>>> print(open('query08.cif').read())   # mmCIF, C-alpha atoms
data_final
#
loop_
_atom_site.label_atom_id
_atom_site.label_comp_id
_atom_site.auth_asym_id
_atom_site.auth_seq_id
_atom_site.Cartn_x
_atom_site.Cartn_y
_atom_site.Cartn_z
CA MET W 1 23.87 11.04 -40.62
CA THR W 2 27.31 9.82 -41.61
CA ALA W 3 28.74 6.54 -40.38
CA PRO W 4 31.47 6.87 -37.73
CA ALA W 5 34.99 6.63 -39.15
CA ARG W 6 36.56 3.20 -38.87
CA VAL W 7 39.35 3.10 -36.33
CA PRO W 8 42.76 2.46 -37.95
CA VAL W 9 44.55 -0.62 -36.65
CA THR W 10 48.34 -0.82 -36.90
CA VAL W 11 49.93 -4.25 -36.46
CA LEU W 12 53.35 -4.33 -34.80
CA THR W 13 55.30 -7.46 -35.50
CA GLY W 14 58.95 -8.49 -35.33
CA TYR W 15 61.07 -11.46 -34.38
CA LEU W 16 61.69 -12.45 -30.75
CA GLY W 17 63.82 -9.86 -28.98
CA SER W 18 63.78 -7.43 -31.88
CA GLY W 19 62.62 -4.50 -29.77
CA LYS W 20 58.85 -4.39 -30.28
CA THR W 21 58.13 -3.44 -26.68
CA THR W 22 60.72 -0.68 -26.60
CA LEU W 23 59.28 0.72 -29.80
CA LEU W 24 55.76 0.44 -28.39
CA GLN W 25 56.78 2.32 -25.25
CA ARG W 26 58.34 5.06 -27.32
CA LEU W 27 55.29 5.37 -29.55
CA LEU W 28 52.93 5.57 -26.58
CA GLN W 29 55.00 8.33 -25.03
CA ALA W 30 55.17 10.32 -28.26
CA GLU W 31 53.02 13.38 -28.75
CA GLY W 32 50.55 11.53 -30.90
CA GLY W 33 50.45 8.53 -28.57
CA ALA W 34 47.49 9.64 -26.51
CA GLY W 35 44.21 8.20 -27.63
CA THR W 36 45.69 4.85 -28.61
CA ALA W 37 44.38 1.47 -27.55
CA VAL W 38 46.99 -1.28 -27.43
CA LEU W 39 46.22 -4.96 -27.78
CA ILE W 40 49.00 -7.33 -26.84
CA ASN W 41 49.35 -11.07 -26.66
CA GLU W 42 50.70 -11.43 -23.16
CA PHE W 43 50.31 -8.50 -20.85
CA GLY W 44 53.07 -9.62 -18.50
CA GLU W 45 55.66 -9.40 -21.25
CA ILE W 46 55.36 -5.81 -22.22
CA GLY W 47 56.87 -3.93 -19.29
CA LEU W 48 54.64 -0.90 -19.38
CA ASP W 49 54.29 -0.77 -15.61
CA HIS W 50 55.72 2.72 -15.37
CA LEU W 51 52.93 3.90 -17.63
CA LEU W 52 50.07 2.24 -15.78
CA VAL W 53 47.51 4.15 -13.82
CA ARG W 54 44.59 1.90 -13.00
CA PRO W 55 42.83 -1.22 -14.15
CA MET W 56 39.53 -0.96 -16.01
CA ALA W 57 36.91 -3.44 -17.10
CA GLY W 58 38.17 -6.88 -18.15
CA ALA W 59 41.84 -7.04 -19.01
CA ALA W 60 42.15 -3.36 -19.89
CA VAL W 61 44.21 -0.78 -18.03
CA LEU W 62 44.45 2.95 -18.43
CA LEU W 63 47.92 4.38 -19.02
CA GLN W 64 49.15 7.73 -17.77
CA ASN W 65 48.88 9.38 -21.14
CA GLY W 66 45.28 8.28 -21.66
CA CYS W 67 46.05 5.18 -23.74
CA ILE W 68 44.27 1.92 -23.08
CA CYS W 69 46.19 -1.33 -22.88
CA CYS W 70 44.50 -4.67 -23.13
CA SER W 71 45.86 -8.20 -23.06
CA VAL W 72 44.64 -10.77 -25.57
CA ARG W 73 45.75 -14.31 -24.99
CA SER W 74 44.43 -16.01 -28.04
CA ASP W 75 41.42 -14.41 -29.62
CA LEU W 76 42.19 -11.10 -31.24
CA ARG W 77 38.74 -10.96 -32.74
CA SER W 78 36.91 -10.99 -29.42
CA GLY W 79 39.54 -8.71 -27.84
CA LEU W 80 39.14 -6.04 -30.48
CA ARG W 81 35.38 -6.39 -30.59
CA GLY W 82 35.23 -6.06 -26.80
CA LEU W 83 37.42 -2.97 -26.85
CA ILE W 84 35.31 -1.21 -29.48
CA ASP W 85 32.13 -2.26 -27.70
CA ALA W 86 33.43 -0.94 -24.36
CA ARG W 87 34.38 2.35 -26.01
CA ASP W 88 30.94 2.72 -27.59
CA LYS W 89 29.30 2.06 -24.20
CA GLY W 90 31.54 4.60 -22.51
CA GLU W 91 33.19 1.96 -20.31
CA VAL W 92 36.68 2.94 -21.52
CA PRO W 93 37.91 6.33 -22.76
CA THR W 94 37.50 6.96 -26.44
CA PHE W 95 40.48 6.11 -28.64
CA GLU W 96 41.43 7.09 -32.15
CA ARG W 97 43.55 4.14 -33.18
CA VAL W 98 44.56 0.65 -32.14
CA LEU W 99 48.04 -0.85 -32.02
CA VAL W 100 48.21 -4.65 -32.02
CA GLU W 101 51.48 -6.17 -30.82
CA THR W 102 51.95 -9.73 -32.01
CA THR W 103 54.16 -12.42 -30.57
CA GLY W 104 57.63 -12.70 -32.03
CA LEU W 105 56.82 -15.81 -34.02
CA ALA W 106 53.53 -14.60 -35.43
CA ASP W 107 52.67 -14.40 -39.08
CA PRO W 108 50.80 -11.07 -39.33
CA VAL W 109 48.50 -12.21 -42.12
CA PRO W 110 45.88 -14.00 -39.99
CA ILE W 111 45.53 -10.74 -38.07
CA VAL W 112 44.95 -8.93 -41.34
CA GLN W 113 42.29 -11.46 -42.25
CA THR W 114 40.59 -11.14 -38.87
CA LEU W 115 40.35 -7.39 -39.27
CA THR W 116 39.14 -7.39 -42.80
CA MET W 117 36.89 -10.44 -42.91
CA ASP W 118 35.10 -10.27 -39.55
CA PRO W 119 31.55 -9.02 -40.23
CA MET W 120 31.53 -6.70 -37.22
CA LEU W 121 35.13 -5.53 -37.25
CA ARG W 122 35.23 -4.66 -40.92
CA HIS W 123 32.64 -1.96 -40.28
CA HIS W 124 34.36 -0.52 -37.20
CA ALA W 125 38.07 -0.98 -37.87
CA ARG W 126 40.37 -0.76 -40.85
CA LEU W 127 43.88 -2.01 -41.33
CA ALA W 128 46.51 0.73 -41.30
CA ASN W 129 50.18 -0.34 -41.50
CA LEU W 130 51.97 -3.61 -40.82
CA VAL W 131 55.10 -2.50 -38.94
CA ALA W 132 57.97 -4.96 -38.46
CA THR W 133 60.92 -4.44 -36.13
CA VAL W 134 64.28 -5.92 -37.13
CA ASP W 135 67.10 -6.32 -34.63
CA GLY W 136 70.08 -4.18 -35.67
CA ARG W 137 72.53 -6.57 -34.00
CA ASN W 138 71.05 -9.95 -34.89
CA GLY W 139 68.78 -9.10 -37.80
CA LEU W 140 71.03 -10.41 -40.58
CA ASP W 141 71.47 -13.71 -38.78
CA GLN W 142 67.75 -14.02 -38.08
CA LEU W 143 66.90 -13.23 -41.69
CA ALA W 144 69.34 -15.91 -42.79
CA HIS W 145 68.01 -18.64 -40.49
CA GLN W 146 64.49 -17.82 -39.29
CA PRO W 147 61.74 -18.08 -41.90
CA GLU W 148 59.30 -16.21 -39.64
CA ALA W 149 61.62 -13.21 -39.53
CA VAL W 150 61.86 -13.18 -43.32
CA ARG W 151 58.10 -13.32 -43.80
CA GLN W 152 57.49 -10.60 -41.21
CA ALA W 153 59.95 -8.29 -42.97
CA ALA W 154 58.73 -9.14 -46.46
CA THR W 155 55.06 -8.46 -45.69
CA ALA W 156 55.59 -5.20 -43.77
CA ASP W 157 54.50 -1.72 -44.83
CA ARG W 158 57.13 -0.14 -42.56
CA LEU W 159 60.43 -1.64 -41.39
CA VAL W 160 62.12 -0.40 -38.21
CA ILE W 161 65.75 -1.28 -37.53
CA THR W 162 66.18 -1.29 -33.76
CA LYS W 163 69.34 -1.16 -31.63
CA THR W 164 71.21 0.81 -34.30
CA ASP W 165 73.24 2.38 -31.49
CA LEU W 166 74.52 -1.06 -30.45
CA ALA W 167 75.72 -2.37 -33.82
CA PRO W 168 78.61 -1.31 -36.10
CA ALA W 169 77.58 1.01 -38.92
CA GLU W 170 78.66 -1.48 -41.58
CA GLU W 171 76.37 -4.14 -40.13
CA ILE W 172 73.45 -1.75 -40.14
CA ALA W 173 74.25 -0.83 -43.75
CA ALA W 174 74.33 -4.51 -44.74
CA LEU W 175 71.03 -5.09 -42.94
CA ARG W 176 69.45 -2.15 -44.74
CA GLN W 177 70.62 -3.57 -48.04
CA ARG W 178 69.17 -6.99 -47.23
CA LEU W 179 65.85 -5.51 -46.14
CA ALA W 180 65.60 -3.34 -49.25
CA GLN W 181 66.20 -6.46 -51.30
CA LEU W 182 63.53 -8.42 -49.41
CA ASN W 183 60.97 -5.66 -49.36
CA PRO W 184 61.62 -2.71 -51.66
CA LEU W 185 58.16 -1.32 -50.91
CA ALA W 186 58.60 -0.57 -47.21
CA PRO W 187 60.40 2.53 -45.95
CA ILE W 188 63.23 1.53 -43.58
CA ILE W 189 63.24 3.62 -40.43
CA ASP W 190 65.92 4.09 -37.78
CA PRO W 191 64.13 5.21 -34.61
CA HIS W 192 67.29 6.90 -33.34
CA ALA W 193 67.54 9.05 -36.45
CA CYS W 194 63.84 9.64 -37.03
CA GLY W 195 62.50 12.94 -35.71
CA ASP W 196 58.86 11.98 -36.10
CA LEU W 197 58.61 8.28 -35.36
CA TRP W 198 54.89 8.45 -34.75
CA GLY W 199 54.29 10.14 -38.09
CA ALA W 200 56.54 7.72 -39.96
CA LEU W 201 54.85 4.60 -38.60
CA LEU W 202 51.30 5.63 -37.83
CA GLY W 203 50.74 9.00 -39.43
CA SER W 204 50.07 7.80 -42.96
CA ASP W 205 49.01 4.66 -44.76
CA ALA W 206 47.69 3.43 -48.08
CA PHE W 207 44.05 3.62 -46.97
CA ASP W 208 44.08 7.02 -45.36
CA PRO W 209 42.39 9.44 -47.79
CA LEU W 210 44.91 12.14 -46.89
CA SER W 211 48.03 10.08 -47.48
CA LYS W 212 47.17 7.34 -49.96
CA THR W 213 48.49 9.17 -53.03
CA ALA W 214 51.83 9.87 -51.32
CA GLU W 215 51.98 6.22 -50.28
CA VAL W 216 51.35 5.05 -53.84
CA ARG W 217 54.08 7.43 -55.09
CA HIS W 218 56.50 5.68 -52.79
CA TRP W 219 55.54 2.29 -54.24
CA LEU W 220 56.04 3.61 -57.75
CA ALA W 221 59.47 4.98 -56.86
CA ALA W 222 60.36 1.53 -55.54
CA ALA W 223 59.06 -0.01 -58.76
CA ASP W 224 61.11 2.37 -60.89
CA GLU W 225 64.25 1.75 -58.87
CA HIS W 226 63.68 -1.96 -59.13
CA THR W 227 63.03 -1.77 -62.88
CA HIS W 228 66.25 0.10 -63.49
CA GLY W 229 68.29 -1.84 -60.99
CA PRO W 230 70.00 -5.20 -61.43
CA ALA W 231 68.07 -7.74 -63.51
CA ASP W 232 66.20 -10.50 -61.74
CA GLY W 233 68.60 -13.31 -61.22
CA ALA W 234 68.19 -16.94 -60.31
CA HIS W 235 66.88 -17.53 -56.81
CA ARG W 236 67.06 -20.40 -54.43
CA HIS W 237 63.80 -22.29 -54.80
CA ASP W 238 62.51 -21.10 -51.42
CA ALA W 239 64.02 -17.61 -51.46
CA VAL W 240 62.01 -14.44 -50.95
CA HIS W 241 62.55 -12.01 -53.79
CA SER W 242 60.78 -9.15 -55.50
CA PHE W 243 60.19 -8.08 -59.05
CA VAL W 244 58.13 -5.58 -61.02
CA PHE W 245 55.39 -6.43 -63.47
CA ARG W 246 55.00 -3.59 -65.91
CA THR W 247 52.88 -3.24 -69.02
CA ALA W 248 52.21 -0.23 -71.20
CA HIS W 249 48.90 -1.70 -72.39
CA SER W 250 45.70 -0.91 -70.51
CA VAL W 251 44.43 -3.86 -68.52
CA ASP W 252 41.09 -5.66 -68.71
CA TRP W 253 40.06 -5.48 -65.07
CA ALA W 254 37.83 -8.56 -65.16
CA ALA W 255 40.63 -10.65 -66.67
CA PHE W 256 43.16 -9.35 -64.17
CA ALA W 257 40.85 -9.94 -61.21
CA VAL W 258 40.02 -13.50 -62.29
CA TRP W 259 43.73 -14.28 -62.72
CA LEU W 260 44.70 -12.68 -59.40
CA SER W 261 41.93 -14.48 -57.56
CA ALA W 262 43.19 -17.82 -58.90
CA LEU W 263 46.82 -16.90 -58.16
CA VAL W 264 46.22 -16.11 -54.49
CA HIS W 265 43.98 -19.16 -54.16
CA ARG W 266 46.71 -21.48 -55.40
CA HIS W 267 49.88 -19.66 -54.31
CA GLY W 268 48.75 -17.13 -51.68
CA GLY W 269 51.16 -18.49 -49.08
CA LYS W 270 54.03 -17.65 -51.43
CA VAL W 271 52.73 -14.31 -52.67
CA LEU W 272 53.79 -12.20 -49.71
CA ARG W 273 52.85 -8.79 -51.10
CA ILE W 274 51.60 -7.19 -54.30
CA LYS W 275 51.32 -3.43 -54.45
CA GLY W 276 50.94 -1.05 -57.34
CA LEU W 277 48.76 0.70 -59.89
CA LEU W 278 46.85 -0.60 -62.86
CA ASN W 279 45.81 1.31 -65.95
CA VAL W 280 42.36 -0.23 -66.32
CA GLU W 281 40.45 -0.07 -69.59
CA GLY W 282 37.58 2.40 -69.31
CA SER W 283 38.70 3.86 -65.98
CA PRO W 284 39.75 7.53 -66.00
CA GLY W 285 42.20 7.13 -63.13
CA PRO W 286 44.43 4.28 -61.99
CA VAL W 287 43.26 1.47 -59.76
CA VAL W 288 45.36 0.83 -56.63
CA LEU W 289 46.05 -2.79 -55.78
CA ASN W 290 47.36 -3.99 -52.41
CA ALA W 291 47.48 -7.68 -51.50
CA VAL W 292 48.96 -9.66 -48.61
CA GLN W 293 49.23 -13.37 -49.24
CA HIS W 294 45.69 -14.79 -49.71
CA PHE W 295 44.09 -11.49 -48.89
CA VAL W 296 43.46 -8.77 -51.47
CA HIS W 297 42.48 -5.42 -50.04
CA GLN W 298 39.52 -3.66 -51.58
CA PRO W 299 40.96 -2.01 -54.72
CA TYR W 300 40.32 1.70 -55.03
CA HIS W 301 40.48 4.32 -57.75
CA LEU W 302 42.70 7.39 -57.69
CA ALA W 303 41.27 10.47 -59.39
CA GLU W 304 44.51 11.01 -61.30
CA TRP W 305 47.89 9.43 -61.90
CA PRO W 306 50.52 10.25 -59.28
CA ASP W 307 53.20 10.73 -61.97
CA ALA W 308 53.53 11.13 -65.74
CA ASP W 309 53.98 7.41 -66.35
CA MET W 310 50.57 5.84 -67.03
CA SER W 311 51.77 2.27 -67.41
CA SER W 312 50.56 -0.43 -65.03
CA ARG W 313 53.21 -1.22 -62.41
CA LEU W 314 52.92 -3.91 -59.78
CA VAL W 315 55.67 -4.86 -57.34
CA PHE W 316 55.51 -8.52 -56.33
CA ILE W 317 57.28 -9.92 -53.24
CA VAL W 318 57.17 -13.69 -53.53
CA GLN W 319 58.71 -16.76 -51.99
CA GLY W 320 59.74 -19.67 -54.16
CA LEU W 321 57.92 -18.48 -57.27
CA GLY W 322 59.78 -17.43 -60.40
CA ALA W 323 59.25 -13.92 -61.73
CA GLN W 324 59.00 -15.11 -65.30
CA ARG W 325 56.30 -17.65 -64.53
CA ILE W 326 54.15 -14.98 -62.95
CA ARG W 327 54.82 -12.34 -65.60
CA GLY W 328 54.36 -14.83 -68.44
CA SER W 329 51.14 -16.21 -67.00
CA LEU W 330 49.63 -12.77 -66.44
CA LEU W 331 50.60 -11.46 -69.88
CA GLN W 332 49.26 -14.61 -71.49
CA PHE W 333 45.97 -14.27 -69.65
CA LEU W 334 45.65 -10.56 -70.37
CA GLY W 335 46.02 -11.30 -74.03
CA SER W 336 49.61 -10.23 -74.58
CA PRO W 337 51.09 -13.57 -75.66
CA ALA W 338 53.66 -11.75 -77.82
CA ASP W 339 55.04 -9.99 -74.75
CA ALA W 340 54.97 -13.28 -72.87
CA ALA W 341 56.82 -15.03 -75.68
CA ALA W 342 59.41 -12.24 -75.82
CA MET W 343 60.32 -13.03 -72.23
CA ALA W 344 60.99 -16.67 -72.98
CA GLY W 345 64.66 -17.54 -72.89
CA SER W 346 65.57 -14.39 -70.98
CA GLY W 347 67.26 -16.48 -68.33
CA GLU W 348 64.71 -15.84 -65.61
CA ARG W 349 63.01 -18.68 -63.92
CA MET S 1 32.95 0.03 -54.12
CA CYS S 2 32.27 -0.21 -57.82
CA GLY S 3 31.00 -3.31 -59.56
CA ALA S 4 34.39 -3.98 -61.08
CA CYS S 5 36.07 -4.10 -57.71
CA GLY S 6 33.38 -6.47 -56.48
CA ILE S 7 35.05 -9.30 -58.37
CA LEU S 8 37.75 -9.47 -55.74
CA ALA S 9 35.67 -8.36 -52.79
CA GLY S 10 33.50 -11.45 -52.77
CA ALA S 11 30.44 -9.79 -54.25
CA PRO S 12 27.87 -12.42 -55.25
CA ASP S 13 27.09 -10.51 -58.45
CA TRP S 14 30.73 -10.28 -59.52
CA VAL S 15 29.91 -11.89 -62.82
CA GLU S 16 27.43 -9.15 -63.80
CA GLY S 17 30.14 -6.59 -64.54
CA ALA S 18 28.47 -3.43 -63.28
CA GLY S 19 30.60 -0.32 -63.06
CA VAL S 20 33.58 0.14 -65.30
CA GLY S 21 33.37 -0.49 -69.03
CA PRO S 22 30.83 -0.52 -71.81
CA GLY S 23 28.91 -3.43 -70.32
CA ALA S 24 27.61 -1.38 -67.42
CA GLU S 25 24.27 -0.52 -68.99
CA GLY S 26 21.64 -2.48 -70.77
CA GLY S 27 20.52 -6.06 -70.36
CA ALA S 28 22.17 -7.34 -73.53
CA ALA S 29 25.49 -5.76 -72.64
CA ARG S 30 25.31 -7.22 -69.15
CA LEU S 31 24.57 -10.64 -70.55
CA MET S 32 27.55 -10.36 -72.87
CA GLU S 33 29.80 -9.31 -70.02
CA ARG S 34 28.50 -12.19 -67.93
CA GLN S 35 29.38 -14.65 -70.68
CA ARG S 36 32.79 -13.04 -71.16
CA ARG S 37 33.66 -13.35 -67.49
CA ILE S 38 32.51 -16.96 -67.38
CA ALA S 39 34.74 -17.61 -70.40
CA LEU S 40 37.70 -16.00 -68.59
CA VAL S 41 37.19 -18.31 -65.62
CA ASN S 42 36.85 -21.31 -67.92
CA ARG S 43 40.25 -20.57 -69.48
CA LEU S 44 41.85 -21.19 -66.09
CA LEU S 45 39.58 -24.11 -65.23
CA ALA S 46 40.26 -25.99 -68.48
CA PRO S 47 43.23 -28.12 -67.28
CA SER S 48 41.19 -29.35 -64.31
CA GLY S 49 38.38 -30.58 -66.56
CA VAL S 50 35.87 -28.38 -64.76
CA HIS S 51 33.50 -26.04 -66.56
CA LEU S 52 31.56 -23.04 -65.24
CA ARG S 53 28.19 -22.12 -66.73
CA ALA S 54 25.19 -20.00 -65.95
CA PHE S 55 22.10 -22.07 -65.27
CA GLY S 56 19.00 -20.06 -64.60
CA GLY S 57 20.12 -17.39 -62.17
CA ARG S 58 22.85 -19.57 -60.77
CA LEU S 59 26.46 -20.39 -61.53
CA VAL S 60 27.18 -24.09 -61.75
CA LEU S 61 30.53 -25.87 -61.90
CA GLN S 62 30.57 -29.27 -63.57
CA SER S 63 33.45 -31.74 -63.66
CA ALA S 64 34.34 -34.11 -66.47
CA THR S 65 32.72 -36.93 -64.48
CA GLY S 66 29.46 -35.02 -64.07
CA ARG S 67 29.90 -33.83 -60.48
CA THR S 68 28.38 -30.40 -59.98
CA LYS S 69 28.58 -27.59 -57.45
CA ILE S 70 26.68 -24.33 -57.22
CA VAL S 71 28.99 -21.37 -56.56
CA THR S 72 28.49 -17.72 -55.76
CA GLU S 73 31.60 -15.57 -55.35
CA LEU S 74 34.74 -16.01 -57.41
CA ALA S 75 36.87 -17.39 -54.58
CA HIS S 76 34.32 -20.21 -54.21
CA VAL S 77 34.86 -21.20 -57.82
CA TRP S 78 38.49 -22.20 -57.26
CA ARG S 79 37.79 -24.04 -54.01
CA ALA S 80 34.92 -25.98 -55.53
CA ALA S 81 36.94 -26.75 -58.67
CA ASP S 82 39.74 -28.18 -56.53
CA GLU S 83 37.19 -30.51 -54.94
CA ILE S 84 35.64 -31.89 -58.10
CA GLY S 85 38.35 -31.37 -60.73
CA ARG S 86 40.98 -33.85 -61.82
CA ARG S 87 43.73 -31.52 -60.62
CA PRO S 88 44.04 -28.19 -58.79
CA VAL S 89 43.63 -24.97 -60.74
CA ASP S 90 46.97 -23.21 -61.23
CA PRO S 91 47.15 -20.00 -63.29
CA LEU S 92 50.93 -20.29 -63.52
CA GLU S 93 50.50 -23.27 -65.83
CA LEU S 94 49.75 -20.69 -68.51
CA ALA S 95 53.42 -19.69 -68.48
CA ARG S 96 54.69 -23.18 -69.22
CA PRO S 97 55.97 -23.63 -72.77
#
>>> encode(input="query08.cif", output="C-alpha cells")
Amino acid sequence: MTAPARVPVTVLTGYLGSGKTTLLQRLLQAEGGAGTAVLINEFGEIGLDHLLVRPMAGAAVLLQNGCICCSVRSDLRSGLRGLIDARDKGEVPTFERVLVETTGLADPVPIVQTLTMDPMLRHHARLANLVATVDGRNGLDQLAHQPEAVRQAATADRLVITKTDLAPAEEIAALRQRLAQLNPLAPIIDPHACGDLWGALLGSDAFDPLSKTAEVRHWLAAADEHTHGPADGAHRHDAVHSFVFRTAHSVDWAAFAVWLSALVHRHGGKVLRIKGLLNVEGSPGPVVLNAVQHFVHQPYHLAEWPDADMSSRLVFIVQGLGAQRIRGSLLQFLGSPADAAAMAGSGER
Amino acid sequence: MCGACGILAGAPDWVEGAGVGPGAEGGAARLMERQRRIALVNRLLAPSGVHLRAFGGRLVLQSATGRTKIVTELAHVWRAADEIGRRPVDPLELARP
C-alpha cells in the first residue's frame, strides 16, 4: 500500500492592501480552483461572502465551487491539522491543495517552518509555492519604506503585480525592474495579462515531480542572466541584493552541508533565499538546493542535468551580507583558497 | 532521502556519511568519513575554542574551559557551541583576510 500523497500548501503573502484577497477570489473561481481548502488569518477580512454556501464544522465554510474556507486566528498548525483531520474523517469534502493567506505584515518563513517541521504536518502536507502580491500603484513606495514588503518579495517563489490597470505603464515597468533586482528567481506575473493564472501560481513548483526540472531550469536561467549582467556593486549595509555563486569544480557535499548549516544558523535571518544546483562529487546527477532563511528544504537529486553546463550554480538573495564574504568563505571551506584569493580586491564587499 | 542529504535534514547519524561517495561501504571507510566530517565541523568551531569529538557512540562538544555538551544533529552543534564557546560560530570569518 502506498502512502497518500502529501497535500501541497501554497502560501499567499503580500503587503497590506496589495490585493491578496482579490487574487484569492480570482484563483478560487478559476477552473482549477475547485478542491482547494483556504486558510486565512481573519475570516471577516476576506470578502468571500458571494462564494459562501453553508457553514461546516468549526470555523470552516463550504464555498459554491466546492472549496473549503477556514479562519485561523493565531495557530496555523492546529488549523491545518484540524482541516486535514476533518477531511480524513469525512467531515469536510476532500481537497487537493491548501492555500494559506497571511496577514499583510507577516513574514512567511514561520509558516514554512510550521509546515516542514511539525511532526504530523510534514507527513500530510508539503510546501508548494510562496506567492507574494505587490501593489502596482504603491509597490515601489512600499518596497522603499516597508521592510516587511521587501522581505515578502525577496523570499517569494512567484511575484504577482496587482492593479496593473490602475498604474501608468512606466511605473509598472520600474516596479518590475525593482522586483527582478530584489528577487531574480521568481517569475513576475501580471494577472491581467496572464491567461492561466492558476497554472502560473499553483500549477507547478520545485517539489512537484512533474515540474521540478522546469522550475530548476528557470533558476538556472536567472543565474545565467545574473552572471552576465552588471557586476555586483556596493550595497547599503541593510540592502537586499542577490548574487550568483558559481564553481566549475565538483563540490564535497559534506563540506558544503556543514558550511551551509553554520551559515543559516548564524545568518539565517539575512539569507532570504538560496536556490540552485550543485555538482556533487560522486553523484551522477546534480543536487537541487532550496533554502529560505533558517530553513533548508530537503535536498534532492535530479537524474540528469537540465542543461549542458555542469557547473554548480547557486543564486543567493541576502540582506546586509556582502557577496564576496559569502563566496570567499564558501570557496575557502570547499578547499578552493586560490579562487577565494583571486576574488580579493575585486571591489566587492 | 540519502545519507548525504541527512546532514541537513537533522538526521542523528549525519556524521556516518552513508549514501554518496566512497565512504558508503565498509566499517573502516565509515570511520574515516566520520572523522573527516568531525574535522570539517572543527574547522568552523576553531575560533570559538570549542572542539567536537566522538566519544564512544556519542558526539561531544568541549570548550576551552572544559564545559561539555552531548550533541546529536548538526544544527545542535552550532547552538551548543554558542552556549559554551568564547564567541559565536561564524563561517563568514573564513573570508576575512
>>> residues_around(input="query08.cif", residues="Ala154 (chain W)", least_positions_apart="5", cutoff="7 Å", atoms="only C-alpha atoms", output="number ranges by chain")
W: 182-183, 272, 317
>>> residues_around(input="query08.cif", residues="Asn42 (chain S)", least_positions_apart="2", cutoff="12 Å", atoms="all atoms listed in the file", output="PyMOL selection string")
(chain W and resi 255+258-259+262+333) or (chain S and resi 35-40+44-54+60-63+74+77-78+81+89+91)
>>> interface_residues(input="query08.cif", of="chain W", to="chain S", cutoff="10 Å", atoms="all atoms listed in the file", output="PyMOL selection string")
chain W and resi 252-267+280-284+287+295-301+321-322+324-334+337+340-341+344
>>> resolve_selection(input="query08.cif", expression="the PyMOL selection byres ((chain W and resi 100-109) around 8)", output="list in words")
Val9, Thr10, Val11, Leu12, Thr13, Gly14, Tyr15, Leu16, Gly17, Lys20, Val38, Leu39, Ile40, Asn41, Val98, Leu99, Pro110, Ile111, Val112, Gln113, Leu130, Glu148, Ala149, Arg151, Gln152, Val292 and Gln293 of chain W
>>> axis_aligned_box(input="query08.cif", around="region 67-84 of chain S", padding_each_side="3 Å", output="lines of an AutoDock Vina configuration file")
center_x = 33.2
center_y = -24.7
center_z = -57.2
size_x = 19.1
size_y = 24.3
size_z = 12.5
>>> closest_residue(input="query08.cif", among="W:Ala86, W:Ile189, W:Ala239, W:Ile274", to="Ala144 (chain W)", atoms="only C-alpha atoms")
W:Ala239
>>> atom_distance(input="query08.cif", atom1="CA of Val7 (chain W)", atom2="CA of Glu31 (chain W)")
18.7 Å
>>> atom_distance(input="query08.cif", atom1="CA of Phe243 (chain W)", atom2="CA of Arg126 (chain W)")
27.9 Å
>>> atom_distance(input="query08.cif", atom1="CA of His124 (chain W)", atom2="CA of Ile84 (chain W)")
7.8 Å
>>> resolve_selection(input="query08.cif", expression="the PyMOL selection byres ((chain W and resi 173) around 12)", output="PyMOL selection string")
chain W and resi 136-137+139-140+161+164+167-172+174-180+188+190
>>> resolve_selection(input="query08.cif", expression="the PyMOL selection byres ((chain W and resi 23) around 12)", output="JSON, numbers by chain")
{"W": [12, 13, 14, 17, 18, 19, 20, 21, 22, 24, 25, 26, 27, 28, 29, 30, 33, 46, 47, 48, 99, 101, 131, 132, 133, 134, 135, 159, 160, 161, 162, 163, 189, 190, 191, 192, 197, 198, 201]}
>>> write_last_selection(input="query08.cif", atoms="C-alpha atoms", output="compact mmCIF listing (two decimals), in the frame of the given file")
# COMPACT_ATOMS: atom_id res chain seq x y z
CA LEU W 12 53.35 -4.33 -34.80
CA THR W 13 55.30 -7.46 -35.50
CA GLY W 14 58.95 -8.49 -35.33
CA GLY W 17 63.82 -9.86 -28.98
CA SER W 18 63.78 -7.43 -31.88
CA GLY W 19 62.62 -4.50 -29.77
CA LYS W 20 58.85 -4.39 -30.28
CA THR W 21 58.13 -3.44 -26.68
CA THR W 22 60.72 -0.68 -26.60
CA LEU W 24 55.76 0.44 -28.39
CA GLN W 25 56.78 2.32 -25.25
CA ARG W 26 58.34 5.06 -27.32
CA LEU W 27 55.29 5.37 -29.55
CA LEU W 28 52.93 5.57 -26.58
CA GLN W 29 55.00 8.33 -25.03
CA ALA W 30 55.17 10.32 -28.26
CA GLY W 33 50.45 8.53 -28.57
CA ILE W 46 55.36 -5.81 -22.22
CA GLY W 47 56.87 -3.93 -19.29
CA LEU W 48 54.64 -0.90 -19.38
CA LEU W 99 48.04 -0.85 -32.02
CA GLU W 101 51.48 -6.17 -30.82
CA VAL W 131 55.10 -2.50 -38.94
CA ALA W 132 57.97 -4.96 -38.46
CA THR W 133 60.92 -4.44 -36.13
CA VAL W 134 64.28 -5.92 -37.13
CA ASP W 135 67.10 -6.32 -34.63
CA LEU W 159 60.43 -1.64 -41.39
CA VAL W 160 62.12 -0.40 -38.21
CA ILE W 161 65.75 -1.28 -37.53
CA THR W 162 66.18 -1.29 -33.76
CA LYS W 163 69.34 -1.16 -31.63
CA ILE W 189 63.24 3.62 -40.43
CA ASP W 190 65.92 4.09 -37.78
CA PRO W 191 64.13 5.21 -34.61
CA HIS W 192 67.29 6.90 -33.34
CA LEU W 197 58.61 8.28 -35.36
CA TRP W 198 54.89 8.45 -34.75
CA LEU W 201 54.85 4.60 -38.60
